[in-house]
$ cat entry.cif   # mmCIF, N, CA and C atoms
data_start
loop_
_atom_site.label_atom_id
_atom_site.label_comp_id
_atom_site.auth_asym_id
_atom_site.auth_seq_id
_atom_site.Cartn_x
_atom_site.Cartn_y
_atom_site.Cartn_z
N MET Z 117 121.85 103.16 120.17
CA MET Z 117 122.36 103.75 118.95
C MET Z 117 123.83 104.13 119.11
N VAL Z 118 124.20 104.64 120.26
CA VAL Z 118 125.57 105.09 120.46
C VAL Z 118 126.54 103.92 120.37
N ILE Z 119 126.18 102.78 120.94
CA ILE Z 119 127.06 101.62 120.92
C ILE Z 119 127.32 101.15 119.50
N GLY Z 120 126.33 101.24 118.65
CA GLY Z 120 126.48 100.76 117.28
C GLY Z 120 127.20 101.69 116.33
N ARG Z 121 127.44 102.92 116.72
CA ARG Z 121 128.04 103.88 115.79
C ARG Z 121 129.31 103.37 115.14
N LYS Z 122 130.25 102.85 115.92
CA LYS Z 122 131.50 102.35 115.34
C LYS Z 122 131.23 101.13 114.46
N ASN Z 123 130.28 100.29 114.85
CA ASN Z 123 129.97 99.13 114.04
C ASN Z 123 129.37 99.53 112.70
N TRP Z 124 128.55 100.56 112.69
CA TRP Z 124 127.88 100.97 111.47
C TRP Z 124 128.78 101.76 110.55
N MET Z 125 129.91 102.23 111.06
CA MET Z 125 130.81 103.02 110.23
C MET Z 125 131.31 102.18 109.05
N PHE Z 126 131.45 100.88 109.27
CA PHE Z 126 131.92 100.00 108.21
C PHE Z 126 130.83 98.97 107.91
N ALA Z 127 129.81 99.38 107.23
CA ALA Z 127 128.65 98.53 106.94
C ALA Z 127 128.93 97.55 105.80
N GLY Z 128 130.13 97.57 105.25
CA GLY Z 128 130.47 96.66 104.17
C GLY Z 128 130.36 97.31 102.81
N SER Z 129 129.32 98.07 102.62
CA SER Z 129 129.13 98.78 101.35
C SER Z 129 128.10 99.87 101.57
N GLN Z 130 127.99 100.73 100.59
CA GLN Z 130 126.98 101.78 100.68
C GLN Z 130 125.57 101.18 100.65
N ASN Z 131 125.38 100.14 99.88
CA ASN Z 131 124.08 99.47 99.84
C ASN Z 131 123.77 98.82 101.18
N GLY Z 132 124.77 98.21 101.81
CA GLY Z 132 124.57 97.60 103.12
C GLY Z 132 124.18 98.63 104.16
N ALA Z 133 124.82 99.80 104.10
CA ALA Z 133 124.49 100.88 105.04
C ALA Z 133 123.06 101.37 104.81
N ARG Z 134 122.67 101.50 103.55
CA ARG Z 134 121.31 101.94 103.23
C ARG Z 134 120.28 100.92 103.71
N ASP Z 135 120.57 99.64 103.50
CA ASP Z 135 119.65 98.59 103.94
C ASP Z 135 119.52 98.57 105.46
N ALA Z 136 120.64 98.74 106.16
CA ALA Z 136 120.61 98.78 107.62
C ALA Z 136 119.79 99.97 108.10
N ALA Z 137 119.97 101.12 107.47
CA ALA Z 137 119.21 102.31 107.85
C ALA Z 137 117.71 102.09 107.62
N THR Z 138 117.36 101.40 106.55
CA THR Z 138 115.95 101.10 106.28
C THR Z 138 115.36 100.23 107.38
N LEU Z 139 116.10 99.17 107.75
CA LEU Z 139 115.62 98.29 108.82
C LEU Z 139 115.48 99.04 110.15
N PHE Z 140 116.47 99.87 110.48
CA PHE Z 140 116.39 100.64 111.73
C PHE Z 140 115.19 101.59 111.71
N SER Z 141 114.90 102.18 110.55
CA SER Z 141 113.76 103.08 110.43
C SER Z 141 112.45 102.33 110.65
N LEU Z 142 112.35 101.13 110.08
CA LEU Z 142 111.13 100.34 110.25
C LEU Z 142 110.94 99.92 111.71
N VAL Z 143 112.01 99.52 112.36
CA VAL Z 143 111.93 99.14 113.79
C VAL Z 143 111.54 100.36 114.62
N ALA Z 144 112.13 101.52 114.33
CA ALA Z 144 111.79 102.73 115.08
C ALA Z 144 110.32 103.12 114.86
N SER Z 145 109.82 102.96 113.65
CA SER Z 145 108.41 103.25 113.36
C SER Z 145 107.50 102.33 114.17
N CYS Z 146 107.88 101.06 114.26
CA CYS Z 146 107.09 100.12 115.06
C CYS Z 146 107.07 100.56 116.52
N LYS Z 147 108.23 100.90 117.05
CA LYS Z 147 108.30 101.27 118.47
C LYS Z 147 107.50 102.55 118.74
N LEU Z 148 107.56 103.51 117.82
CA LEU Z 148 106.79 104.75 118.00
C LEU Z 148 105.29 104.47 117.98
N GLY Z 149 104.87 103.49 117.20
CA GLY Z 149 103.46 103.15 117.09
C GLY Z 149 102.99 102.14 118.14
N GLY Z 150 103.89 101.72 119.02
CA GLY Z 150 103.51 100.76 120.04
C GLY Z 150 103.29 99.36 119.48
N VAL Z 151 104.04 99.02 118.45
CA VAL Z 151 103.92 97.72 117.78
C VAL Z 151 105.17 96.90 118.04
N ASP Z 152 105.00 95.61 118.32
CA ASP Z 152 106.14 94.71 118.48
C ASP Z 152 106.79 94.52 117.11
N PRO Z 153 108.04 94.98 116.92
CA PRO Z 153 108.66 94.89 115.59
C PRO Z 153 108.73 93.47 115.05
N PHE Z 154 109.03 92.48 115.89
CA PHE Z 154 109.13 91.11 115.42
C PHE Z 154 107.78 90.60 114.91
N ALA Z 155 106.72 90.89 115.65
CA ALA Z 155 105.38 90.47 115.22
C ALA Z 155 104.99 91.17 113.92
N TRP Z 156 105.33 92.45 113.80
CA TRP Z 156 105.00 93.21 112.60
C TRP Z 156 105.73 92.65 111.39
N PHE Z 157 107.06 92.46 111.50
CA PHE Z 157 107.84 91.92 110.39
C PHE Z 157 107.32 90.55 109.97
N ARG Z 158 107.08 89.68 110.95
CA ARG Z 158 106.62 88.33 110.65
C ARG Z 158 105.30 88.37 109.88
N ASP Z 159 104.36 89.17 110.34
CA ASP Z 159 103.05 89.22 109.69
C ASP Z 159 103.11 89.90 108.33
N VAL Z 160 103.80 91.03 108.25
CA VAL Z 160 103.84 91.79 106.99
C VAL Z 160 104.59 91.01 105.90
N LEU Z 161 105.69 90.35 106.26
CA LEU Z 161 106.43 89.59 105.24
C LEU Z 161 105.61 88.41 104.73
N ALA Z 162 104.78 87.83 105.57
CA ALA Z 162 103.91 86.75 105.12
C ALA Z 162 102.72 87.28 104.32
N ARG Z 163 102.29 88.50 104.61
CA ARG Z 163 101.10 89.07 103.99
C ARG Z 163 101.38 89.74 102.63
N ILE Z 164 102.58 90.26 102.42
CA ILE Z 164 102.89 91.04 101.22
C ILE Z 164 102.56 90.33 99.90
N PRO Z 165 102.89 89.04 99.72
CA PRO Z 165 102.63 88.43 98.41
C PRO Z 165 101.16 88.45 97.97
N THR Z 166 100.24 88.42 98.91
CA THR Z 166 98.82 88.37 98.53
C THR Z 166 98.07 89.66 98.83
N HIS Z 167 98.73 90.62 99.44
CA HIS Z 167 98.06 91.86 99.81
C HIS Z 167 97.93 92.75 98.57
N PRO Z 168 96.75 93.33 98.34
CA PRO Z 168 96.56 94.19 97.16
C PRO Z 168 97.51 95.39 97.18
N ALA Z 169 98.10 95.68 96.04
CA ALA Z 169 99.07 96.78 95.94
C ALA Z 169 98.46 98.12 96.30
N ASP Z 170 97.19 98.33 96.00
CA ASP Z 170 96.56 99.61 96.31
C ASP Z 170 96.18 99.74 97.79
N HIS Z 171 96.45 98.72 98.58
CA HIS Z 171 96.17 98.76 100.02
C HIS Z 171 97.44 98.60 100.85
N MET Z 172 98.61 98.86 100.27
CA MET Z 172 99.87 98.71 101.00
C MET Z 172 99.96 99.67 102.17
N HIS Z 173 99.25 100.79 102.11
CA HIS Z 173 99.27 101.75 103.22
C HIS Z 173 98.75 101.11 104.51
N GLU Z 174 97.98 100.04 104.39
CA GLU Z 174 97.45 99.36 105.58
C GLU Z 174 98.54 98.64 106.36
N LEU Z 175 99.71 98.46 105.75
CA LEU Z 175 100.79 97.72 106.39
C LEU Z 175 101.77 98.62 107.14
N ILE Z 176 101.54 99.92 107.12
CA ILE Z 176 102.34 100.84 107.94
C ILE Z 176 102.09 100.46 109.39
N PRO Z 177 103.14 100.42 110.23
CA PRO Z 177 102.97 99.89 111.59
C PRO Z 177 101.75 100.38 112.36
N ARG Z 178 101.50 101.67 112.37
CA ARG Z 178 100.35 102.18 113.16
C ARG Z 178 99.03 101.70 112.59
N GLN Z 179 98.90 101.67 111.27
CA GLN Z 179 97.65 101.20 110.66
C GLN Z 179 97.54 99.69 110.76
N TRP Z 180 98.67 99.00 110.66
CA TRP Z 180 98.66 97.54 110.80
C TRP Z 180 98.16 97.15 112.18
N LYS Z 181 98.57 97.91 113.18
CA LYS Z 181 98.17 97.61 114.56
C LYS Z 181 96.66 97.61 114.70
N THR Z 182 95.98 98.56 114.09
CA THR Z 182 94.52 98.65 114.23
C THR Z 182 93.80 97.63 113.35
N ARG Z 183 94.38 97.29 112.19
CA ARG Z 183 93.70 96.36 111.27
C ARG Z 183 94.05 94.91 111.51
N PHE Z 184 95.33 94.61 111.70
CA PHE Z 184 95.78 93.23 111.72
C PHE Z 184 96.47 92.82 113.02
N GLY Z 185 96.87 93.77 113.82
CA GLY Z 185 97.63 93.48 115.02
C GLY Z 185 96.85 92.71 116.04
N PRO Z 186 97.55 92.17 117.02
CA PRO Z 186 96.86 91.42 118.07
C PRO Z 186 95.85 92.31 118.79
N GLN Z 187 94.66 91.81 118.94
CA GLN Z 187 93.60 92.57 119.60
C GLN Z 187 93.67 92.32 121.10
N PRO Z 188 93.55 93.38 121.88
CA PRO Z 188 93.56 93.18 123.33
C PRO Z 188 92.36 92.35 123.76
N SER Z 189 92.61 91.47 124.71
CA SER Z 189 91.50 90.65 125.20
C SER Z 189 90.60 91.51 126.08
N PRO Z 190 89.30 91.25 126.08
CA PRO Z 190 88.41 92.04 126.89
C PRO Z 190 88.75 91.87 128.37
N ALA Z 191 88.59 92.93 129.09
CA ALA Z 191 88.91 92.90 130.51
C ALA Z 191 88.01 91.89 131.22
N THR Z 192 88.63 91.12 132.06
CA THR Z 192 87.82 90.15 132.82
C THR Z 192 87.16 90.89 133.98
N PRO Z 193 85.91 90.60 134.21
CA PRO Z 193 85.22 91.29 135.30
C PRO Z 193 85.83 90.91 136.65
N ALA Z 194 85.88 91.88 137.50
CA ALA Z 194 86.43 91.65 138.84
C ALA Z 194 85.47 90.77 139.65
N VAL Z 195 86.04 89.82 140.31
CA VAL Z 195 85.24 88.92 141.14
C VAL Z 195 85.26 89.46 142.55
N ALA Z 196 84.06 89.67 143.11
CA ALA Z 196 83.98 90.26 144.46
C ALA Z 196 83.93 89.20 145.53
#
$ encode --input "entry.cif" --output "C-alpha cells"
Amino acid sequence: MVIGRKNWMFAGSQNGARDAATLFSLVASCKLGGVDPFAWFRDVLARIPTHPADHMHELIPRQWKTRFGPQPSPATPAVA
C-alpha cells in the first residue's frame, strides 16, 4: 500500500479513484476470507449474469468460498 500512495494520488479522475478503491476493497475482502482474489473475480464475473438477484449475498468472498469455491481434496490415507 505504501508504494502505491504516490501512484494513487493521481488516479486520473475522481471516478477512477473510486473505482480503484472498490477493487482494492474487494481484493482485501478476499484475502481476509482466505479466498484467491483471481479465482473469485473469475468465477463471480462469469456467474453474475445468471445468478438470482435475491441471492447476491452468496457471492461475498467468505460465503462464496463455502458455496462455490474450490473444495479441499480429502486427505489421502497414510501408507505404512
$ atom_distance --input "entry.cif" --atom1 "atom N of Z:Phe157" --atom2 "atom C of Z:Met172"
13.8 Å
$ closest_residue --input "entry.cif" --among "Z:Ile164, Z:Pro177, Z:Asp159, Z:His171" --to "Z:Leu142" --atoms "all atoms listed in the file"
Z:Pro177
$ atom_distance --input "entry.cif" --atom1 "atom C of Z:Thr182" --atom2 "atom CA of Z:Pro165"
19.6 Å
$ atom_distance --input "entry.cif" --atom1 "atom N of Z:Leu148" --atom2 "atom CA of Z:Ile176"
11.5 Å
$ residues_around --input "entry.cif" --residues "Z:Arg163" --least-positions-apart "5" --cutoff "12 Å" --atoms "only C-alpha atoms" --output "PyMOL selection string"
chain Z and resi 156-158+168-169+171-172+174-175+180+184
$ residues_around --input "entry.cif" --residues "Z:Arg178" --least-positions-apart "3" --cutoff "6.5 Å" --atoms "all atoms listed in the file" --output "VMD selection string"
chain Z and resid 145 to 146 149 175 181 to 183
$ axis_aligned_box --input "entry.cif" --around "stretch 131-143 of chain Z" --padding-each-side "4 Å" --output "lines of an AutoDock Vina configuration file"
center_x = 118.2
center_y = 100.3
center_z = 107.2
size_x = 22.4
size_y = 13.5
size_z = 22.8
